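Participant: Take a look at this one; I'll ask things after.
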Amino acid sequence: MYAQTFGCATCGIEGVPITVEVDLSNGLPAFEIVGLADTAVREARERVRAAVRNAGFEFPARRITANLAPADMRKEGAALDLPLALGLLAGTGQLQPDDIRGIVSMGELSLEGLVRPVPGVLAMVDACRKAGIQTVYVPQENLQEAALVTGVQAFGVASLQALMEHLQKKKLLLPADAAEMAQSMSPVLAGGDFAEVQGQQGAKRALEIAAAGKHNVLLSGPPGTGKTMLARRLPSILPTLTPEEALEVTRIYSIAGLLPREAGLVQQRPFRQPHHTISMAGLVGGGSVPRPGEITLSHRGVLFLDELPEFSRQVLEVLRQPLEEGRVSIARAQGNYTFPASFLLIAARNPCPCGWFGSQGPHICKCSDGEIRRYQKRLSGPLLDRIDLRVEVAPLSYGEMKSSVKTESSACIRQRVERARACQKERFGAGGTLVNAAMTHSQILQYCHLSTEAERLLAQAFQKLGMSARSHDRLLKVARTIADLDSSEGIEIQHIAEAVQLRGGEELEGL
């Protein structure tokens with residue numbers, strides 16, 4: 001007896017429909033799974049065997065061969081348990097071949113026949129849509145996720161027995177109502193408010209510019225000055241995710257298995273804060289079958305690297321490609337994988353190993369000159385060149401901490417940021433560029449018009465700071481963003497001056 005059904009697997013952050021073929025023949029009882037299956041897929045034999053029996057169905061004492069096509073693609077995870085069980089039941093005549101024709105099922109089976117949630121459902125259901133498949137059966141806890149894909153009828157399945165009753169027309173399941181699901185969705189991630197931060201007006205201004213133009217930021221200062229507090233509130237002033245961006249983020253979190261159970265669309269921008277002991281694979285992604293790393297989990301959001309010099313130099317250097325291109329490529333023997341990585345980098349560091357170099361007051365730096373130089377040289381020039389804003393965060397005075405003056409809320413700052421983003425969207429049109437930080441050199445020449453005084457100051461800064469061509473272009477991008485926040489058509493001298501200071505050119509204040 002032969003039966004065919006369909007399942008789905010993931011490859012990178014994409015779903016791939018899988019043809020599940022089951023053949024039953026005479027011979028010694030055995031259950032073999034072929035088609036480049038990993039350990040989790042091969043172990044499905046025992047899960048399917050127990051689930052079929054405990055759900056009240058017959059498991060045949062025959063030779064069973066299950067093939068997963070395409071055979072040259074590695075399959076991993078437990079999402080193929082359910083289609084394997086359906087193929088087996090159809091092959092033994094307990095289901096009619098027509099009952100499973102044209103459908104896709106996915107889910108992990110428990111030994112008693114319950115269907116457990118699996119990661120990557122959004123990507124897999126979207127792959128089914130692209131393949132022209134109109135009906136999918138997913139674990140009940142993944143139903144909100146599956147309902148995000150339009151054009152596909154998704155059913156939530158709680159158990160193998162419930163699915164069998166539905167396919168046999170005994171007790172029908174109800175398809176997901178996308179509109180009803182959308183009403184019940186709640187934000188998955190949350191952040192703080194800038195109104196909670198006392199003082200630090202210079203740092204807040206820098207973060208507003210960073211949010212408006214998507215510029216990378218480095219916060220420097222002694223311990224306890226509020227660098228982490230400021231960084232964690234940056235997502236609260238970023239523009240709201242568009243529906244397309246929200247789907248991108250949700251897909252990534254689904255693939256990574258980080259989407260909370262029974263959660264739908266991710267509605268808040270991600271904020272990731274990996275520890276400085278993270279490996280290169282943990283940051284950029286990796287594994288025999290590559291999985292998303294922290295920079296991909298930060299896509300459309302913020303990647304915060306606290307204690308930046310403490311990260312391995314090798315780990316930091318791999319940031320250079322995604323910072324420039326907004327994606328990361330990983331090569332493996334079975335193929336190349338590309339993960340999106342368009343994130344806003346915010347980093348923090350102390351001025352020296354003990355953290356108190358240059359501080360005034362009771363704390364005295366005990367580091368030697370050599371230790372300070374070695375600490376500061378842990379960051380390479382090419383990496384620092386890709387950080388647009390370098391901000392000194394000084395300790396607050398007692399009066400600033402106890403001030404009763406109300407500070408500006410994130411909502412107010414976000415309004416200015418969204419106005420600046422709208423200006424950029426109108427400027428670049430449908431050309432693919434969305435923010436000033438992503439401008440090409442030709443776009444800089446086209447849109448960064450300087451006044452005579454601004455041109456003169458930029459020339460002085462270029463000579464005195466020994467700027468590279470990349471630094472020159474990045475400074476102009478920052479100045480363009482400052483001008484957008486001021487609703488200015490051209491770039492004036494005050495915009496260039498602020499951009500130079502934020503890039504670490506305080507010595508030019510007298511020019």
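The chains in the structure tokens are called A, B, ... from first to last as shown; in each chain the residues are counted from 1, and the ligands are counted from 1 in the order shown.
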Just the strand (DSSP E) stuff from range 255-428 of chain A, please, per backbone DSSP, written as a PyMOL selection string.

Facilitator: chain A and resi 271-272+285-286+291-292+302-305+327-332+335-340+344-349+389-392

Participant: Which polymer residues have any atom within 12 Å of an atom of range 392-405 of chain A, counting only C-alpha atoms, with same-chain residues fewer than 5 positions away left out, as a PyMOL selection string?

Facilitator: chain A and resi 195-207+217-231+348-351+356-361+363+501-506

Participant: Write out as an MDAnalysis selection string the set of residues from range 251-432 of chain A that DSSP, computed on the backbone, places in alpha helix (DSSP H).

Facilitator: chainID A and resid 251:255 280:284 294:297 313:317 320:325 369:376 381:385 398:401 410:428

Participant: Taking 4 positions as the minimum chain separation for residues in the same chain, which residues sit within 9 Å of Asp388 in chain A when counting only C-alpha atoms? Answer as a PyMOL selection string.

Facilitator: chain A and resi 210+215-218+384+471+474-475+477-478+499+502-503

Participant: For Thr440 in chain A, which of A:Glu325, A:Pro239, A:Pro362, A:Ala411 is the closest residue, counting only C-alpha atoms?

Facilitator: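 With only C-alpha atoms as the atom set, the closest residue is A:Glu325.
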
Participant: What does the distance from CA of Asn336 in chain A to CA of Ile387 in chain A come to in Å, to one decimal?

Facilitator: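 Interatomic distance here is 28.4 Å.
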
Participant: Looking at only C-alpha atoms, which of A:Arg373, A:His441, A:Arg251, A:Arg427 is the one that sits closest to Thr296 in chain A?

Facilitator: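 Looking at the shortest contact to Thr296 in chain A, the residue is A:Arg251.
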
Participant: Report, in Å with one decimal, the straight-line distance from CA of Pro309 in chain A to CA of Phe271 in chain A.

Facilitator: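 Between CA of Pro309 in chain A and CA of Phe271 in chain A the gap works out to 20.1 Å.
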
Participant: So that I can check the surroundings of Ala127 in chain A, please list as a list in words every protein, DNA and RNA residue that reaches within 10 Å of it, counting only C-alpha atoms and ignoring chain neighbours fewer than 6 positions away.

Facilitator: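 Everything that qualifies: Cys8, Ala9, Thr10, Glu14, Gly15, Val16, Pro17, Val121, Ile133 and Val149 of chain A.
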
Participant: Using only C-alpha atoms, please write the residues we just selected to a file, as a short mmCIF file (atom, residue, chain, number, x, y, z; two decimals), in the first residue's frame.

Facilitator:
```
data_model
loop_
_atom_site.label_atom_id
_atom_site.label_comp_id
_atom_site.auth_asym_id
_atom_site.auth_seq_id
_atom_site.Cartn_x
_atom_site.Cartn_y
_atom_site.Cartn_z
CA CYS A 8 6.59 21.36 5.76
CA ALA A 9 10.10 22.09 7.04
CA THR A 10 12.25 25.19 7.42
CA GLU A 14 12.05 30.16 4.78
CA GLY A 15 9.54 27.33 4.77
CA VAL A 16 9.82 24.43 2.31
CA PRO A 17 6.89 22.09 1.47
CA VAL A 121 4.76 27.83 11.53
CA ILE A 133 -1.85 24.98 -1.16
CA VAL A 149 -1.09 34.39 6.30
#
```

Participant: Nearest to Gly107 in chain A among A:Leu160, A:Ile33, A:Ala61, A:Ala497, with distances taken over only C-alpha atoms: which residue is it?

Facilitator: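 Ranked by minimum distance to Gly107 in chain A, first place goes to A:Leu160.
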